[in-house]
file target-v6.txt (compact mmCIF, C-alpha atoms)
# COMPACT_ATOMS: atom_id res chain seq x y z
CA MET A 1 107.55 112.81 78.70
CA PRO A 2 104.75 113.35 76.23
CA ASP A 3 101.86 115.65 77.03
CA ILE A 4 98.56 114.17 78.14
CA THR A 5 95.72 114.70 75.71
CA ASP A 6 92.05 113.90 76.11
CA GLY A 7 91.28 110.78 74.10
CA VAL A 8 87.90 112.07 72.97
CA THR A 9 88.45 115.78 72.32
CA GLY A 10 92.20 115.72 71.66
CA GLU A 11 92.75 118.78 73.85
CA LEU A 12 95.79 119.08 76.09
CA ARG A 13 95.10 118.18 79.73
CA ASN A 14 97.05 119.88 82.51
CA SER A 15 96.70 119.17 86.19
CA PRO A 16 96.38 122.30 88.34
CA ALA A 17 97.74 120.23 91.24
CA GLU A 18 100.84 119.19 89.31
CA GLN A 19 101.50 122.72 88.07
CA ALA A 20 101.22 124.19 91.57
CA VAL A 21 103.31 121.54 93.31
CA SER A 22 106.04 121.08 90.69
CA GLN A 23 107.34 124.57 91.38
CA MET A 24 107.21 123.99 95.13
CA LEU A 25 109.11 120.69 94.94
CA ASP A 26 111.84 122.17 92.73
CA ILE A 27 113.12 118.77 91.57
CA PRO A 28 116.10 119.28 89.26
CA SER A 29 115.62 117.92 85.76
CA GLY A 30 118.86 115.90 85.76
CA ILE A 31 118.06 113.92 88.89
CA TYR A 32 117.30 110.77 86.91
CA GLY A 33 120.23 111.17 84.52
CA PRO A 34 123.12 108.73 84.31
CA THR A 35 126.04 108.94 86.73
CA LEU A 36 129.64 108.20 85.85
CA GLY A 37 131.56 107.23 88.97
CA SER A 38 131.40 106.72 92.70
CA GLY A 39 132.11 110.39 93.40
CA ASP A 40 129.23 111.39 91.15
CA ILE A 41 126.98 108.84 92.83
CA ASP A 42 127.84 110.10 96.31
CA LYS A 43 127.28 113.70 95.23
CA ARG A 44 123.93 112.83 93.66
CA ILE A 45 122.85 110.93 96.82
CA GLU A 46 123.66 114.01 98.93
CA GLU A 47 121.67 116.22 96.56
CA ILE A 48 118.74 113.81 96.71
CA ALA A 49 118.90 113.71 100.53
CA ASP A 50 118.63 117.52 100.58
CA LEU A 51 115.78 117.32 98.09
CA ILE A 52 113.93 114.75 100.24
CA GLU A 53 114.20 117.12 103.21
CA HIS A 54 112.78 119.93 101.07
CA ILE A 55 109.95 117.73 99.79
CA ALA A 56 109.06 116.81 103.38
CA LYS A 57 108.64 120.52 104.15
CA VAL A 58 106.48 120.97 101.04
CA ILE A 59 104.32 118.01 102.07
CA LEU A 60 103.83 119.55 105.51
CA VAL A 61 102.64 122.81 103.93
CA LEU A 62 100.31 120.85 101.62
CA TYR A 63 98.84 118.96 104.59
CA GLU A 64 98.13 122.30 106.24
CA ASP A 65 96.50 123.54 103.03
CA LYS A 66 94.40 120.38 102.81
CA HIS A 67 93.24 120.71 106.40
CA ALA A 68 92.37 124.39 105.90
CA ALA A 69 90.39 123.56 102.74
CA GLU A 70 88.63 120.74 104.56
CA GLU A 71 87.68 123.02 107.44
CA LYS A 72 86.42 125.66 105.01
CA TYR A 73 84.34 123.12 103.09
CA LEU A 74 82.86 121.50 106.20
CA GLY A 75 82.09 124.91 107.69
CA ALA A 76 80.34 126.10 104.54
CA PHE A 77 78.48 122.79 104.24
CA ALA A 78 77.27 122.98 107.85
CA GLN A 79 76.24 126.59 107.38
CA GLN A 80 74.17 125.66 104.32
CA MET A 81 72.64 122.70 106.15
CA THR A 82 71.47 124.89 109.02
CA ALA A 83 70.29 127.64 106.65
CA HIS A 84 68.00 125.16 104.89
CA ALA A 85 67.06 122.98 107.87
CA GLU A 86 63.38 123.96 107.62
CA HIS A 87 63.17 121.99 104.34
CA GLY A 88 64.14 118.73 106.05
CA ALA A 89 67.46 116.91 106.27
CA TYR A 90 67.42 115.46 102.74
CA LEU A 91 66.70 118.76 100.99
CA ALA A 92 69.03 120.67 103.30
CA ARG A 93 71.83 118.25 102.34
CA GLN A 94 71.04 118.74 98.64
CA PHE A 95 71.11 122.52 99.06
CA ALA A 96 74.42 122.27 100.92
CA HIS A 97 75.97 120.09 98.19
CA THR A 98 74.82 122.55 95.54
CA LYS A 99 76.02 125.65 97.38
CA THR A 100 79.45 124.31 98.43
CA GLY A 101 80.74 123.10 95.05
CA ASP A 102 83.58 125.64 94.94
CA GLU A 103 84.78 124.71 98.42
CA LEU A 104 84.64 121.01 97.54
CA ARG A 105 86.64 121.65 94.35
CA GLU A 106 89.29 123.52 96.38
CA LEU A 107 89.43 120.63 98.84
CA ASN A 108 89.84 118.08 96.06
CA ILE A 109 92.64 120.10 94.45
CA ALA A 110 94.38 120.39 97.84
CA LYS A 111 94.14 116.60 98.19
CA GLU A 112 95.57 116.07 94.70
CA LYS A 113 98.45 118.44 95.39
CA LEU A 114 99.29 116.44 98.47
CA ARG A 115 98.96 113.12 96.65
CA TYR A 116 101.20 114.36 93.82
CA ALA A 117 103.87 115.57 96.25
CA GLU A 118 103.80 112.25 98.12
CA GLU A 119 104.19 110.29 94.86
CA MET A 120 107.08 112.49 93.79
CA ALA A 121 108.70 111.98 97.21
CA LYS A 122 108.46 108.21 96.70
CA ALA A 123 110.01 108.50 93.24
CA VAL A 124 112.90 110.61 94.52
CA GLN A 125 113.44 108.26 97.46
CA ASN A 126 113.46 105.23 95.15
CA ARG A 127 116.05 106.98 92.97
CA SER A 128 118.16 107.53 96.07
CA PHE A 129 117.92 103.85 97.04
CA GLY A 130 118.87 102.83 93.51
CA LEU A 131 121.90 105.09 93.53
CA MET A 132 122.97 103.78 96.94
CA ASN A 133 122.80 100.22 95.62
CA ILE A 134 124.79 101.18 92.53
CA GLY A 135 127.32 102.96 94.75
CA LYS A 136 127.74 99.85 96.93
CA ARG A 137 128.30 97.64 93.93
CA TYR A 138 130.67 100.12 92.33
CA THR A 139 132.68 100.37 95.55
CA ALA A 140 132.77 96.59 95.95
CA ALA A 141 133.83 96.12 92.31
CA MET A 142 136.68 98.57 92.74
CA GLY A 143 137.88 96.66 95.80
CA PHE A 144 137.11 99.40 98.33
CA GLY A 145 134.49 97.49 100.28
CA GLY A 146 133.78 94.07 101.59
CA GLY A 147 131.03 93.39 99.07
CA ARG A 148 127.65 92.22 100.27

call {"tool": "encode", "arguments": {"input": "target-v6.txt", "output": "structure tokens"}}
result
Amino acid sequence: MPDITDGVTGELRNSPAEQAVSQMLDIPSGIYGPTLGSGDIDKRIEEIADLIEHIAKVILVLYEDKHAAEEKYLGAFAQQMTAHAEHGAYLARQFAHTKTGDELRELNIAKEKLRYAEEMAKAVQNRSFGLMNIGKRYTAAMGFGGGR
């Protein structure tokens, strides 16, 4: 796939979420490659099933990371709100927003990591379904199954 560049500046754009999660997911590069026969299809389906199990574990870890980042952000926000309560609710909220930018950024990255992993899980699962359908048709065409 081509790199993503900013349309205005022309600089290369990389997602910190994608970079962090891609290594965790460990999706083999040939997963979407062509298959040759029913044995290859069955083998690829088994590999994808193992990969889906692994991705589910990664997603669980990312949910935990998201919840931890959310708790950290909300705790810091509440602390800032109470620290500036004497200025009134509106100003205290503005202070809290200003002072918790780093925590909010960490929370948003944790959410994007999770979203990326979930989208990749869907893509891998769809590939598995496609291969299963191809396998059924291949088996039926070879006369090994009852067809549809």

call {"tool": "closest_residue", "arguments": {"input": "target-v6.txt", "among": "A:Ile48, A:Gly39, A:Asp26, A:Leu62", "to": "Tyr116 (chain A)", "atoms": "all atoms listed in the file"}}
result
A:Leu62

call {"tool": "closest_residue", "arguments": {"input": "target-v6.txt", "among": "A:Glu106, A:Asn126, A:Val21, A:Thr9", "to": "Ile59 (chain A)", "atoms": "only C-alpha atoms"}}
result
A:Val21

call {"tool": "residues_around", "arguments": {"input": "target-v6.txt", "residues": "Ala68 (chain A)", "least_positions_apart": "4", "cutoff": "12 Å", "atoms": "all atoms listed in the file", "output": "MDAnalysis selection string"}}
result
chainID A and resid 61:64 72:75 103:104 106:108 110:111

call {"tool": "residues_around", "arguments": {"input": "target-v6.txt", "residues": "Gln94 (chain A)", "least_positions_apart": "3", "cutoff": "10 Å", "atoms": "all atoms listed in the file", "output": "list in words"}}
result
Gln80, Met81, His84, Ala89, Tyr90, Leu91, His97, Thr98 and Lys99 of chain A

call {"tool": "atom_distance", "arguments": {"input": "target-v6.txt", "atom1": "CA of Leu51 (chain A)", "atom2": "CA of Ile27 (chain A)"}}
result
7.2 Å

call {"tool": "atom_distance", "arguments": {"input": "target-v6.txt", "atom1": "CA of Arg115 (chain A)", "atom2": "CA of Glu70 (chain A)"}}
result
15.1 Å
